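These notes concern the structure reproduced below.
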Amino acid sequence: MGRYVIRRLLQMIPVFIGATLLIFLMVNVMGDPIAGLCGDKQCDPATAAQLKKEFGLDKPVWQQYLTYMGHVFTGDFGTAFNGQEVTELMADAFPVTIRLTLVAIVFEIVIGIALGVVTGLRRGRPVDTGVLLLTLVVISVPTFVTGLLLQLLFGVEWGWIKPSVSPDAAFGELIVPGLVLASVSLAYVTRLTRTSIAENKRSDYVRTAVAKGLPRRRVITRHLLRNSLIPVVTFIGTDIGALMGGAIVTERIFNIHGVGFQLYQGILRQNTQTVVGFVTVLVLVFLVANLLVDLLYAVLDPRIRYA
Amino acid sequence: MRGATHAKWAACAAAAALAATACGGGGGGSAPGVLSSSWGDPQNPLEPANTNEVQGGKVLDMIFRGLKRYDARTGAAQNMLADRIETSDSQNFTITIKGGWKFSNGEPVTAKSFVDAWNYGAGLEHNQKNAYFFGYIDGYDKVHPEDGGTQTADTLSGLAVKNDRTFTVRLRQKFSTFPDTLGYAAFAPLPQAFFDDHAAWVKKPVGNGPYLIDSYTKGSKMSLRKWAGYPGDDKARNEGVDLQVYTDNNTAYTDLMAGNLDLADDIPAAQLKNVKSDLGGRYINTPAGIIQTLAFPFYDSKWNQSGSDKVRKGLSMAIDRDRITGTIFQKTRTPAGDWTSPVLGKDGGFQDGLCGDFCTYDPQRAKKMIDEGGGLPGGQVKISYNADSGSHRVWVDAVCNSINNALGNDKACVGNPVGTFADFRNQIGRHKMPGPFRAGWQMDYPLIQNFLQPLYYTNASSNDGKWSDKDFDKLVDRANAETDRAKAVQLFQQAEGVVRDNMAAIPLWYQNGSAGYSDRVSDVALNQFSVPVYNEIKVS
């Protein structure tokens, strides 16, 4: 097990370097970030040169990358164009997005797994077909359509919620956005659980448990569900990173000032420091989430460790 | 024992949840008499000489008052802090300020507050994006060497404090309308606190306007409150303004519809069709000092040879401005008839119809003109624009359609989208434009000079197409030297005629400011910069 963990940790290093380098190059390829700072006017050359010097943009890209990574390891992510430290932006944005992600994950777990178990146990019945159709609809409708529709119905027509989330972004305000963000993954979780349950229902250990005369509830929760959840847990684990990075659409619709908002602003203003900083952290989140899932897997299924 | 552990866990979880919620509550609801308004995250730190976009400008307009102020209705520059501005030669000015003015931290506003602020704004080492506003003042080349050399002086030699209430300005050249430029935010005075602790000031700016900043959470919200000690006569008629950052103007509009927001000053293009039925009379759509044009790359010989002015004129005549402004913009744009803006008024130099036939849709003549001029360079025009914001894509496609129809050629005009505004500016700066490109101009101050000199004077700061014409330059120089205002305007109009005869840029349309508001507020108006006049809004 120890060897496996070390190997996985070592694998993270090239992925991390590769991902950050790629992002760095991509943002730089887009051209001179200072050019957009002066509005519809040309920056006067002296000020532009001065700003470039200050942000270190006058050096070759490889040197910028090395300096940047050097700073990152000391916890310095540089300064955004509006004069704010990127770490300050992160401190504002990440808690909000983490809360949103938490709400989404809870929805995925509670609704997704519950629906999955119900349909898996009643395969082919009307409930199953109904839920399957519903998930198909959810998967095929883009998130921004669901988001705007719910916002219009709940926020404007019926007045149940405020259409936008306040800067505090309390949990209560994040329920609808969280549901929108979770919707597609939720449908996948349902389908994954359903298939897994339906498959394991006929396995030997379930038959044995039933034959032993265990109560139905215990058979389902202790025996059937535990084994069926392995792929679902994997999916949810890897989904954490995807949700955090993919919240851009949801955050824009509901005016949530999280990671998506900062990334969007950063890209529009071609603010290298913001974009690279946030993506670096997101890459780390992805890697850690994947690592945890892999480790969990190794714990749950010993065969994987030796593979 | 086991129960105790469980309880501990529950307490911890609750504490964690509370910490994550970060003291909820508050949120959208405003204090009595306070209105909430939509806002965008300012791009630059909030300093007077460093703010060049509308969102930061909004705040400066609330917390600062300068020597002059532009009347929200007529656009005329009126004395605010200035008692009198005197000159005998249009080059040396003596400025006397009124007594009794203070900053909201109690510091008096003196002549030194202005001189220090202007010296700071001009200094190269301070990276102020509006530094070029001080370029007319003597000594600017020492404080802000254009060639990127090192700064050899900290202060402008053209500025001198005479006494507490008087200072003098010496310009590098004659500039008769200089006093009228002084209403621009870059010329605002700054308190000593700005220089003593700059970092703290930027976190919570202190000015001398009718509002003071109560709290500022960067990127999400700024609460401004009425400053009780404000000495001016344009005191705030409400208790304050909460500026709320929106990631998307559609969300702001939705919030306005749901009664969650009092004022949205940027109606999304997609909602323009519904806005009248949604808001009834609570929708305003007034002209602003913004003109959209198509500029040309004169550095490219294809666009700068004899006869190519005919091609440009032909293109201009092939654009059906009426139809595009009517269908795409729902009349929030007005077809342009000159190169300035209606907000200047007749006396200020606006002259509808100066462009004449060249701006009137006439497909037959357009085709003839272009053929006479040698046809489209390379057989096709590519109109470049940034695709990341606004509705540029829609109107560029419409303009191209109009041109294609007129020429009877499906491929005569195509749009050339550039991913981000920064990259668009970048390509313009490197002179890489493959053809005409979008050139929006928002005025800095309501003067005809501001619509012509920065855009068309040889090597001027925003002359992106590098157009150059000796006659135009001469006329502008003469206009600037002219002490009589009416004569100066006339000379500028003659210069504008040169722009027309060469079709240096195709004027498309004047842009309006649009805003919608809730039934809680009244007396809402936009000034010529399309910024709401906040201090006049009443909250019921």
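Numbering starts fresh at 1 for the residues of each chain in the structure tokens, the chains themselves are lettered A, B, ... in the order given, and ligands are numbered from 1 as they appear.
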Give me, as a Markdown table, the closest atom pair and its distance (Å, one decimal) for every residue of chain A within a cut-off of 6 Å of chain B, counting only C-alpha atoms, rows sorted by chain and rising number.
| residue | atom | partner | partner_atom | distance |
| --- | --- | --- | --- | --- |
| A:Gly31 | CA | B:Asp423 | CA | 5.7 |
| A:Asp32 | CA | B:Asn426 | CA | 5.9 |
| A:Pro33 | CA | B:Ala422 | CA | 5.8 |
| A:Ala35 | CA | B:Asn426 | CA | 5.1 |
| A:Gly36 | CA | B:Ala422 | CA | 3.7 |
| A:Lys41 | CA | B:Ser462 | CA | 5.3 |
| A:Gln42 | CA | B:Ser462 | CA | 5.5 |
| A:Ala46 | CA | B:Gly148 | CA | 4.6 |
| A:Thr47 | CA | B:Asn127 | CA | 5.6 |
| A:Asn82 | CA | B:Asn44 | CA | 4.2 |
| A:Gly83 | CA | B:Pro45 | CA | 5.8 |
| A:Val156 | CA | B:Ala258 | CA | 4.8 |
| A:Pro163 | CA | B:Asp255 | CA | 5.8 |
| A:Ser166 | CA | B:Gly27 | CA | 5.0 |
| A:Pro167 | CA | B:Ser220 | CA | 5.9 |
| A:Ala170 | CA | B:Thr21 | CA | 4.9 |
| A:Arg252 | CA | B:Thr247 | CA | 5.5 |
| A:Asn255 | CA | B:Thr247 | CA | 5.4 |
| A:Leu268 | CA | B:Thr420 | CA | 5.9 |
For the selection just defined, write its residues with N, CA, C and O atoms to a file, as a PDB file, in the first residue's frame.
ATOM      1  N   GLY A  31      -1.666  36.932 -26.408  1.00  0.00           N
ATOM      2  CA  GLY A  31      -1.134  38.256 -26.705  1.00  0.00           C
ATOM      3  C   GLY A  31      -0.877  39.083 -25.467  1.00  0.00           C
ATOM      4  O   GLY A  31      -0.899  38.588 -24.353  1.00  0.00           O
ATOM      5  N   ASP A  32      -0.689  40.362 -25.705  1.00  0.00           N
ATOM      6  CA  ASP A  32      -0.254  41.264 -24.656  1.00  0.00           C
ATOM      7  C   ASP A  32      -1.417  41.659 -23.748  1.00  0.00           C
ATOM      8  O   ASP A  32      -2.340  42.328 -24.189  1.00  0.00           O
ATOM      9  N   PRO A  33      -1.393  41.248 -22.488  1.00  0.00           N
ATOM     10  CA  PRO A  33      -2.514  41.522 -21.590  1.00  0.00           C
ATOM     11  C   PRO A  33      -2.687  43.006 -21.290  1.00  0.00           C
ATOM     12  O   PRO A  33      -3.798  43.443 -21.002  1.00  0.00           O
ATOM     13  N   ALA A  35      -2.596  45.441 -23.273  1.00  0.00           N
ATOM     14  CA  ALA A  35      -3.306  46.152 -24.337  1.00  0.00           C
ATOM     15  C   ALA A  35      -4.773  46.401 -24.008  1.00  0.00           C
ATOM     16  O   ALA A  35      -5.341  47.393 -24.423  1.00  0.00           O
ATOM     17  N   GLY A  36      -5.397  45.486 -23.258  1.00  0.00           N
ATOM     18  CA  GLY A  36      -6.814  45.633 -22.976  1.00  0.00           C
ATOM     19  C   GLY A  36      -7.120  46.512 -21.782  1.00  0.00           C
ATOM     20  O   GLY A  36      -8.274  46.764 -21.469  1.00  0.00           O
ATOM     21  N   LYS A  41      -8.995  52.771 -25.824  1.00  0.00           N
ATOM     22  CA  LYS A  41      -7.896  53.628 -26.235  1.00  0.00           C
ATOM     23  C   LYS A  41      -6.595  52.854 -26.226  1.00  0.00           C
ATOM     24  O   LYS A  41      -6.482  51.824 -25.590  1.00  0.00           O
ATOM     25  N   GLN A  42      -5.642  53.417 -26.901  1.00  0.00           N
ATOM     26  CA  GLN A  42      -4.306  52.841 -26.873  1.00  0.00           C
ATOM     27  C   GLN A  42      -3.634  53.277 -25.568  1.00  0.00           C
ATOM     28  O   GLN A  42      -3.678  54.450 -25.224  1.00  0.00           O
ATOM     29  N   ALA A  46       4.778  54.495 -22.812  1.00  0.00           N
ATOM     30  CA  ALA A  46       5.607  54.548 -21.604  1.00  0.00           C
ATOM     31  C   ALA A  46       4.903  53.844 -20.437  1.00  0.00           C
ATOM     32  O   ALA A  46       5.501  53.031 -19.724  1.00  0.00           O
ATOM     33  N   THR A  47       3.610  54.150 -20.252  1.00  0.00           N
ATOM     34  CA  THR A  47       2.869  53.515 -19.163  1.00  0.00           C
ATOM     35  C   THR A  47       2.765  52.006 -19.397  1.00  0.00           C
ATOM     36  O   THR A  47       2.912  51.211 -18.467  1.00  0.00           O
ATOM     37  N   ASN A  82      -6.314  44.644 -10.940  1.00  0.00           N
ATOM     38  CA  ASN A  82      -6.977  45.681 -10.165  1.00  0.00           C
ATOM     39  C   ASN A  82      -6.246  45.943  -8.852  1.00  0.00           C
ATOM     40  O   ASN A  82      -6.770  46.596  -7.962  1.00  0.00           O
ATOM     41  N   GLY A  83      -5.033  45.415  -8.748  1.00  0.00           N
ATOM     42  CA  GLY A  83      -4.195  45.718  -7.605  1.00  0.00           C
ATOM     43  C   GLY A  83      -4.386  44.789  -6.431  1.00  0.00           C
ATOM     44  O   GLY A  83      -3.750  44.949  -5.397  1.00  0.00           O
ATOM     45  N   VAL A 156     -38.550  35.047 -10.396  1.00  0.00           N
ATOM     46  CA  VAL A 156     -39.367  36.176 -10.863  1.00  0.00           C
ATOM     47  C   VAL A 156     -40.850  35.853 -10.801  1.00  0.00           C
ATOM     48  O   VAL A 156     -41.641  36.611 -10.241  1.00  0.00           O
ATOM     49  N   PRO A 163     -33.485  35.929  -7.264  1.00  0.00           N
ATOM     50  CA  PRO A 163     -32.862  35.430  -8.494  1.00  0.00           C
ATOM     51  C   PRO A 163     -31.342  35.440  -8.439  1.00  0.00           C
ATOM     52  O   PRO A 163     -30.691  34.679  -9.142  1.00  0.00           O
ATOM     53  N   SER A 166     -26.534  36.781  -2.885  1.00  0.00           N
ATOM     54  CA  SER A 166     -25.823  37.918  -2.311  1.00  0.00           C
ATOM     55  C   SER A 166     -24.342  37.576  -2.144  1.00  0.00           C
ATOM     56  O   SER A 166     -23.964  36.409  -2.213  1.00  0.00           O
ATOM     57  N   PRO A 167     -23.494  38.593  -1.936  1.00  0.00           N
ATOM     58  CA  PRO A 167     -22.058  38.322  -1.799  1.00  0.00           C
ATOM     59  C   PRO A 167     -21.730  37.324  -0.674  1.00  0.00           C
ATOM     60  O   PRO A 167     -20.730  36.620  -0.742  1.00  0.00           O
ATOM     61  N   ALA A 170     -24.854  32.492   1.477  1.00  0.00           N
ATOM     62  CA  ALA A 170     -25.162  31.535   2.536  1.00  0.00           C
ATOM     63  C   ALA A 170     -25.725  30.250   1.918  1.00  0.00           C
ATOM     64  O   ALA A 170     -26.192  30.253   0.784  1.00  0.00           O
ATOM     65  N   ARG A 252     -22.386  32.362 -13.177  1.00  0.00           N
ATOM     66  CA  ARG A 252     -22.757  33.564 -13.940  1.00  0.00           C
ATOM     67  C   ARG A 252     -24.251  33.803 -13.855  1.00  0.00           C
ATOM     68  O   ARG A 252     -24.696  34.918 -13.645  1.00  0.00           O
ATOM     69  N   ASN A 255     -25.228  34.945 -10.350  1.00  0.00           N
ATOM     70  CA  ASN A 255     -24.411  36.015  -9.797  1.00  0.00           C
ATOM     71  C   ASN A 255     -23.661  35.583  -8.532  1.00  0.00           C
ATOM     72  O   ASN A 255     -23.681  36.267  -7.520  1.00  0.00           O
ATOM     73  N   LEU A 268     -11.422  37.152 -19.655  1.00  0.00           N
ATOM     74  CA  LEU A 268     -11.849  38.323 -20.426  1.00  0.00           C
ATOM     75  C   LEU A 268     -10.784  39.402 -20.392  1.00  0.00           C
ATOM     76  O   LEU A 268     -10.469  40.015 -21.397  1.00  0.00           O
TER      77      LEU A 268
END
Quick one: residues within 8 Å of range 399-404 of chain B, only C-alpha atoms, excluding same-chain residues fewer than 4 positions away - as a list in words? Leu315, Ala318, Ile319, Asp320, Ile324, Trp395, Gly408, Asn409, Asp410, Lys411, Ala412, Cys413, Val414 and Gly415 of chain B
Quick one: write out the picked residues with all heavy atoms as a tab-separated table (two decimals), in the first residue's frame?
chain	number	residue	atom	x	y	z
B	315	LEU	N	-18.39	51.94	-49.18
B	315	LEU	CA	-18.74	51.02	-48.08
B	315	LEU	C	-19.72	51.69	-47.12
B	315	LEU	O	-20.69	51.09	-46.68
B	315	LEU	CB	-17.47	50.59	-47.32
B	315	LEU	CG	-16.62	49.51	-47.98
B	315	LEU	CD1	-15.33	49.31	-47.20
B	315	LEU	CD2	-17.37	48.20	-48.08
B	318	ALA	N	-23.11	51.69	-48.37
B	318	ALA	CA	-23.71	50.36	-48.50
B	318	ALA	C	-24.29	49.86	-47.18
B	318	ALA	O	-24.86	48.78	-47.12
B	318	ALA	CB	-22.66	49.38	-49.01
B	319	ILE	N	-24.12	50.67	-46.11
B	319	ILE	CA	-24.60	50.22	-44.80
B	319	ILE	C	-25.96	50.84	-44.51
B	319	ILE	O	-26.11	52.06	-44.50
B	319	ILE	CB	-23.60	50.61	-43.69
B	319	ILE	CG1	-22.24	49.95	-43.97
B	319	ILE	CG2	-24.12	50.18	-42.33
B	319	ILE	CD1	-21.12	50.48	-43.12
B	320	ASP	N	-26.94	49.98	-44.27
B	320	ASP	CA	-28.30	50.45	-43.99
B	320	ASP	C	-28.42	50.71	-42.49
B	320	ASP	O	-28.88	49.86	-41.72
B	320	ASP	CB	-29.30	49.39	-44.44
B	320	ASP	CG	-30.72	49.92	-44.42
B	320	ASP	OD1	-30.92	51.01	-43.84
B	320	ASP	OD2	-31.60	49.25	-44.97
B	324	ILE	N	-30.49	48.63	-39.26
B	324	ILE	CA	-29.72	47.92	-38.24
B	324	ILE	C	-30.02	48.49	-36.84
B	324	ILE	O	-30.25	47.74	-35.89
B	324	ILE	CB	-28.21	48.00	-38.55
B	324	ILE	CG1	-27.93	47.25	-39.86
B	324	ILE	CG2	-27.40	47.38	-37.42
B	324	ILE	CD1	-26.54	47.43	-40.39
B	395	TRP	N	-24.14	43.02	-34.85
B	395	TRP	CA	-24.19	44.15	-35.78
B	395	TRP	C	-23.15	44.04	-36.88
B	395	TRP	O	-23.37	44.49	-38.00
B	395	TRP	CB	-24.17	45.49	-35.06
B	395	TRP	CG	-22.90	45.93	-34.37
B	395	TRP	CD1	-22.67	45.96	-33.03
B	395	TRP	CD2	-21.71	46.46	-34.98
B	395	TRP	NE1	-21.42	46.45	-32.76
B	395	TRP	CE2	-20.81	46.77	-33.94
B	395	TRP	CE3	-21.31	46.69	-36.28
B	395	TRP	CZ2	-19.54	47.29	-34.16
B	395	TRP	CZ3	-20.03	47.21	-36.51
B	395	TRP	CH2	-19.16	47.50	-35.46
B	408	GLY	N	-24.08	42.78	-54.26
B	408	GLY	CA	-24.52	41.58	-54.94
B	408	GLY	C	-23.48	40.48	-54.92
B	408	GLY	O	-23.29	39.75	-55.89
B	409	ASN	N	-22.77	40.41	-53.80
B	409	ASN	CA	-21.70	39.42	-53.69
B	409	ASN	C	-21.69	38.88	-52.27
B	409	ASN	O	-21.48	39.62	-51.32
B	409	ASN	CB	-20.36	40.10	-54.03
B	409	ASN	CG	-19.18	39.18	-53.77
B	409	ASN	OD1	-19.36	38.02	-53.39
B	409	ASN	ND2	-17.99	39.70	-53.98
B	410	ASP	N	-21.95	37.60	-52.14
B	410	ASP	CA	-22.07	36.97	-50.82
B	410	ASP	C	-20.80	37.03	-50.01
B	410	ASP	O	-20.81	36.90	-48.79
B	410	ASP	CB	-22.46	35.50	-50.99
B	410	ASP	CG	-23.95	35.33	-50.90
B	410	ASP	OD1	-24.61	36.36	-50.68
B	410	ASP	OD2	-24.43	34.20	-51.04
B	411	LYS	N	-19.68	37.18	-50.70
B	411	LYS	CA	-18.40	37.09	-49.99
B	411	LYS	C	-17.68	38.44	-49.93
B	411	LYS	O	-16.50	38.50	-49.64
B	411	LYS	CB	-17.51	36.06	-50.67
B	411	LYS	CG	-18.11	34.67	-50.61
B	411	LYS	CD	-17.05	33.60	-50.78
B	411	LYS	CE	-17.60	32.23	-50.49
B	411	LYS	NZ	-18.61	31.79	-51.50
B	412	ALA	N	-18.39	39.52	-50.26
B	412	ALA	CA	-17.73	40.83	-50.28
B	412	ALA	C	-17.29	41.24	-48.88
B	412	ALA	O	-16.25	41.86	-48.71
B	412	ALA	CB	-18.67	41.87	-50.86
B	413	CYS	N	-18.08	40.87	-47.86
B	413	CYS	CA	-17.74	41.30	-46.50
B	413	CYS	C	-17.94	40.14	-45.53
B	413	CYS	O	-18.96	39.45	-45.58
B	413	CYS	CB	-18.64	42.48	-46.11
B	413	CYS	SG	-18.43	42.98	-44.40
B	414	VAL	N	-16.96	39.92	-44.69
B	414	VAL	CA	-17.11	38.91	-43.63
B	414	VAL	C	-16.63	39.50	-42.31
B	414	VAL	O	-15.81	40.41	-42.29
B	414	VAL	CB	-16.29	37.62	-43.92
B	414	VAL	CG1	-16.91	36.81	-45.03
B	414	VAL	CG2	-14.84	37.96	-44.23
B	415	GLY	N	-17.18	38.97	-41.22
B	415	GLY	CA	-16.73	39.39	-39.90
B	415	GLY	C	-15.46	38.65	-39.53
B	415	GLY	O	-15.23	37.53	-39.99
Using DSSP on the backbone coordinates, identify all residues within range 171-282 of chain A classified as helix (DSSP H, G or I); present the result as a PyMOL selection string. chain A and resi 171-200+204-211+216-245+248-253+259-268+272-282
Just how far from CA of Glu108 in chain A is CA of Val189 in chain A, in Å to one decimal? 6.8 Å
So that I can see what lies close to range 467-480 of chain B, please list as a ChimeraX atom specification the residues with an atom at most 10 Å from it, counting only C-alpha atoms and leaving out residues fewer than 6 positions away in the same chain. /B:90-91,173-178,295-299,304,449,452-453,455-460,486-499,502,504-505
So, counting only C-alpha atoms, which residue among B:Phe195, B:Glu239, B:Lys310, B:Ile448 is closest to Lys368 in chain B?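 For Lys368 in chain B, the nearest of the candidates is B:Lys310.
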Find, counting only C-alpha atoms, the residue in A:Val5, A:Val138, A:Val285, A:Ile175 that gets nearest to Leu102 in chain A.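 Among A:Val5, A:Val138, A:Val285, A:Ile175, it is A:Ile175 that comes nearest to Leu102 in chain A.
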